[in-house]
Each structure stands twice: as structure tokens, then as C-alpha cells.
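Working notes, beginning with the structure itself.
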Amino acid sequence: MYEKEAEQLQTIIDDSERIVFFGGAGVSTESDIPDFRSADGLYRQKYKYSPEQIVSHSFFVQNPEGFYEFYKEKMMFLDAKPNAAHRKLAELEAAGKLIAVITQNIDGLHQAAGSKNVLELHGSIHRNYCMKCHKFYDAAYVKHADGIPRCSCGGMLKPDVVLYEEGLDSAVINKSVKAISEADTLIIGGTSLIVYPAAGFIDYFRGKHLVVINKGATAREVGAELTIAAPIGEILGQIKVQ
């Protein structure tokens with residue numbers, strides 16, 4: 001399926017030397033990690049509190065038990081494996097064609113697939129810190145802790161993920177903007193371009209080829225040379241790396 005679209009993308013990739021990939025939740029849905037905004041996404045499910053409330057900074061501070069109950073069950077998928085999209089992007093980077101992966105995802109699957117230059121706009125479930133002494137803990141410790149995960153010093157742990165009401169890391173922002181502005185090709189994949197400020201970063205692109213691969217329509221028109229309405233793994237999986 002999608003042979004013609006993959007062929008068009010292949011031509012663009014063959015003509016590119018500095019590709020940047022900008023991705024969202026749709027990249028990980030093929031690894032069985034649910035997204036937020038699709039018909040079956042977390043935002044369409046019924047909870048005592050809305051997911052937006054639960055993953056906010058104020059909720060985390062006021063109700064850490066409720067936060068961690070939701071977070072461990074709905075946002076930590078430690079058995080998930082990289083899919084065809086993750087693997088192909090790592091392959092493109094290894095071949096010197098791709099200079100950065102900019103992701104809104106927090107699952108670490110790009111790194112698991114072998115990508116080295118991954119800019120995580122919203123942090124990662126794999127980094128967790130004690131709010132008291134700043135000791136580091138991995139995702140498995142948090143996932144398997146009873147109730148609120150705590151440090152050996154007694155302090156509460158906080159995942160290194162950007163919650164609502166929190167700002168993005170300025171260093172990651174700067175690196176992302178720099179990568180996009182220096183790219184000759186920008187591939188936007190698996191994102192509806194709803195979440196700001198992340199979605200606004202693509203405005204810094206001044207290169208030759210702009211591609212959008214997303215199952216649904218994006219929230220904004222970006223003037224893409226090629227738009228493919230398809231699962232991203234099915235498209236990238238067909239690409240041959242020269």
C-alpha cells in the first residue's frame with residue numbers, strides 16, 4: 001500500500017542531505033502506545049478528572065497519588081518496542097542523511113531504535129528525579145513503586161516530563177530551532193500540529209522540501225510539497241537508504 005506516495009518521498013529523501021524529522025504521538029501508535037487526540041485517544045476516555053487536569057503541574061503537586069495512578073497506567077509503556085518508523089529514522093541518521101529527530105513523545109523509542117540526536121521537547125519517562133536531593137531513578141523503579149514513588153531520602157520523585165503549566169527546556173528549544181533552520185528537508189510525521197509552542201517551531205524551516213505524513217488532517221496548513229494521509233511506519237518502512 002501507498003507505493004506511489006512512498007516513491008515520491010523516496011525521490012525527496014534521495015535529494016536531501018540534512019533531513020530533520022519532527023514527530024508526535026502518531027509515530028508511537030504503531031508501537032501500541034495510545035495517542036491523546038484521536039477517536040480512541042486518552043482525551044476521549046472518561047475519567048474522574050480530565051487528562052489535561054491530571055497531567056498538569058498543579059494537579060501533580062496537589063494530588064500526586066491521582067497523578068501517578070494515571071501516569072503509570074496510561075503514559076508508561078515500558079514493554080513497547082520501536083516500529084518501522086523509528087527504525088528507518090535511525091537508519092537515515094546512521095547513513096548521514098538525517099541530522100535530528102525532534103519529538104513530542106516521551107517514550108524513548110527513537111533512542112531504543114538507535115537514533116542518537118533526539119531532541120525531546122516534552123521530556124522522557126526514562127528520567128525521574130527526587131524533588132529533595134535530585135537523585136536519579138529509571139522508569140522501571142517508578143512504574144513498579146507502590147503509590148507515589150519515593151527516593152531513599154524520603155523525597156517524592158518527579159518524572160522529567162513537561163506537564164501542562166510548565167515551560168519547555170530552553171536548551172532543547174534552541175537546538176530544535178537551529179536544526180530546523182539548517183535543514184534542507186523537514187518531514188513532519190504523526191502529529192496534528194495542535195500543541196504549542198512545539199508546533200510553531202516548523203515556522204523556522206527555510207529549506208527545499210517540506211513533507212507531512214499523518215493519518216488525519218493537521219490543525220494548520222503548512223504548505224507542504226508532499227502530504228501523505230497514512231500511518232507513518234507504513235510509509236517510512238518502504239524507504240530505501242542509499
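Ligands are numbered from 1 in the order shown, residues from 1 within each chain, and chains are lettered A, B, ... in the order they appear in the C-alpha cells.
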
As a PyMOL selection string, list the residues of chain A assigned to alpha helix (DSSP H) by DSSP on the backbone atoms of this structure.
chain A and resi 3-14+51-54+57-62+64-74+84-94+109-113+139-144+170-182+232-236

Prev. selection, C-alpha atoms, output as a compact mmCIF listing (two decimals), in the first residue's frame:
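File written: out.txt
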```
# COMPACT_ATOMS: atom_id res chain seq x y z
CA GLU A 3 3.62 2.68 -3.09
CA LYS A 4 3.16 5.88 -5.11
CA GLU A 5 3.42 8.11 -2.02
CA ALA A 6 6.49 6.21 -0.79
CA GLU A 7 8.05 6.62 -4.23
CA GLN A 8 7.52 10.39 -4.09
CA LEU A 9 9.06 10.52 -0.62
CA GLN A 10 11.98 8.40 -1.79
CA THR A 11 12.77 10.97 -4.51
CA ILE A 12 12.79 13.76 -1.91
CA ILE A 13 14.98 11.82 0.53
CA ASP A 14 17.44 10.93 -2.23
CA PRO A 51 -6.32 14.01 31.32
CA GLU A 52 -5.37 17.67 30.80
CA GLN A 53 -6.02 18.29 34.50
CA ILE A 54 -4.21 15.17 35.67
CA HIS A 57 1.83 20.77 37.33
CA SER A 58 -0.77 21.94 39.84
CA PHE A 59 -2.52 18.54 39.89
CA PHE A 60 0.83 16.77 40.37
CA VAL A 61 1.58 18.98 43.38
CA GLN A 62 -1.92 18.83 44.91
CA PRO A 64 0.36 13.17 43.46
CA GLU A 65 -1.46 9.89 44.20
CA GLY A 66 -4.01 10.61 41.47
CA PHE A 67 -1.30 11.79 39.10
CA TYR A 68 0.82 8.68 39.50
CA GLU A 69 -2.14 6.30 39.23
CA PHE A 70 -2.96 7.77 35.79
CA TYR A 71 0.66 8.30 34.72
CA LYS A 72 1.81 4.75 35.42
CA GLU A 73 -1.21 3.16 33.74
CA LYS A 74 -1.73 5.48 30.76
CA ALA A 84 9.29 0.69 11.29
CA ALA A 85 9.25 4.50 11.53
CA HIS A 86 11.65 4.61 14.49
CA ARG A 87 13.99 2.10 12.83
CA LYS A 88 14.07 3.87 9.46
CA LEU A 89 14.83 7.26 11.05
CA ALA A 90 17.75 5.68 12.93
CA GLU A 91 18.94 4.18 9.66
CA LEU A 92 18.76 7.56 7.90
CA GLU A 93 20.78 9.15 10.71
CA ALA A 94 23.41 6.39 10.57
CA LEU A 109 11.55 4.68 21.40
CA HIS A 110 13.68 6.72 19.00
CA GLN A 111 16.73 6.09 21.19
CA ALA A 112 15.75 2.43 21.57
CA ALA A 113 15.81 2.16 17.76
CA ALA A 139 11.34 4.30 34.59
CA ALA A 140 11.08 0.74 35.96
CA TYR A 141 11.55 1.99 39.52
CA VAL A 142 8.69 4.47 39.09
CA LYS A 143 6.41 2.03 37.29
CA HIS A 144 6.73 -0.66 39.94
CA SER A 170 15.23 26.37 26.63
CA ALA A 171 18.30 24.39 25.51
CA VAL A 172 16.10 21.84 23.72
CA ILE A 173 14.10 24.66 22.11
CA ASN A 174 17.26 26.34 20.82
CA LYS A 175 18.70 23.11 19.43
CA SER A 176 15.37 22.27 17.75
CA VAL A 177 15.02 25.68 16.12
CA LYS A 178 18.66 25.55 14.95
CA ALA A 179 18.22 22.06 13.44
CA ILE A 180 15.01 23.03 11.62
CA SER A 181 16.50 26.26 10.29
CA GLU A 182 19.54 24.39 8.94
CA ILE A 232 3.92 6.77 9.19
CA GLY A 233 5.51 3.35 9.72
CA GLU A 234 3.90 2.04 6.53
CA ILE A 235 5.44 4.90 4.54
CA LEU A 236 8.90 5.10 6.08
```

Please run DSSP on the backbone and report, as a PDB file with C-alpha atoms, in the first residue's frame, all residues within region 141-213 of chain A that come out as strand (DSSP E).
```pdb
ATOM      1  CA  LEU A 157      10.071  11.645  42.635  1.00  0.00           C
ATOM      2  CA  LYS A 158       9.056  13.746  39.641  1.00  0.00           C
ATOM      3  CA  PRO A 159       9.256  12.467  36.076  1.00  0.00           C
ATOM      4  CA  ASP A 160      11.358  14.593  33.739  1.00  0.00           C
ATOM      5  CA  VAL A 161       8.330  15.238  31.530  1.00  0.00           C
ATOM      6  CA  THR A 185      14.197  18.774   4.220  1.00  0.00           C
ATOM      7  CA  LEU A 186      11.680  18.761   7.052  1.00  0.00           C
ATOM      8  CA  ILE A 187       9.468  15.702   7.498  1.00  0.00           C
ATOM      9  CA  ILE A 188       6.542  16.262   9.872  1.00  0.00           C
ATOM     10  CA  GLY A 189       5.063  12.957  10.980  1.00  0.00           C
ATOM     11  CA  HIS A 209      11.383  20.043   0.812  1.00  0.00           C
ATOM     12  CA  LEU A 210       8.519  20.033   3.348  1.00  0.00           C
ATOM     13  CA  VAL A 211       6.672  16.742   3.849  1.00  0.00           C
ATOM     14  CA  VAL A 212       3.705  15.890   6.101  1.00  0.00           C
ATOM     15  CA  ILE A 213       2.831  12.264   6.928  1.00  0.00           C
TER      16      ILE A 213
END
```

Please indicate the distance in Å from CA of Tyr196 (chain A) to CA of Thr218 (chain A), rounded to one decimal place.
13.2 Å

Closest to Ala198 (chain A) among A:Glu221, A:Phe77, A:Glu120, A:Asn83, using only C-alpha atoms?
A:Glu120

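The closest residue to Ile33 (chain A), picked from A:Val118, A:Val241, A:Ala100, A:Ile106 and counting only C-alpha atoms, is A:Ile106.
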
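The shortest atom-to-atom distance to Gly207 (chain A), with only C-alpha atoms taken into account, belongs to A:Glu17 out of A:Glu30, A:Glu17, A:Asp107, A:Asp169.
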
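Every protein, DNA or RNA residue with an atom at most 7 Å from Thr103 (chain A), where only C-alpha atoms count and chain neighbours fewer than 3 positions away do not, is listed here: Phe22, Gly23, Gly24, Leu119, Glu120 and Leu121 of chain A.
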
For the selection you just gave me, I'd like the residues written to a file as an mmCIF file, in the first residue's frame, keeping C-alpha atoms.
```cif
data_model
loop_
_atom_site.group_PDB
_atom_site.id
_atom_site.type_symbol
_atom_site.label_atom_id
_atom_site.label_comp_id
_atom_site.auth_asym_id
_atom_site.auth_seq_id
_atom_site.Cartn_x
_atom_site.Cartn_y
_atom_site.Cartn_z
ATOM 1 C CA PHE A 22 9.536 16.460 13.603
ATOM 2 C CA GLY A 23 7.200 13.898 15.141
ATOM 3 C CA GLY A 24 4.305 13.422 17.526
ATOM 4 C CA LEU A 119 15.578 16.332 20.929
ATOM 5 C CA GLU A 120 12.779 15.540 23.388
ATOM 6 C CA LEU A 121 10.536 18.601 23.580
#
```

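Among the candidates A:Pro197, A:Phe205, A:Ala230, A:Val20, the one nearest to Gly167 (chain A) when counting only C-alpha atoms is A:Pro197.
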
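Counting from CA of Gly200 (chain A), the distance to CA of Leu168 (chain A) is 12.9 Å.
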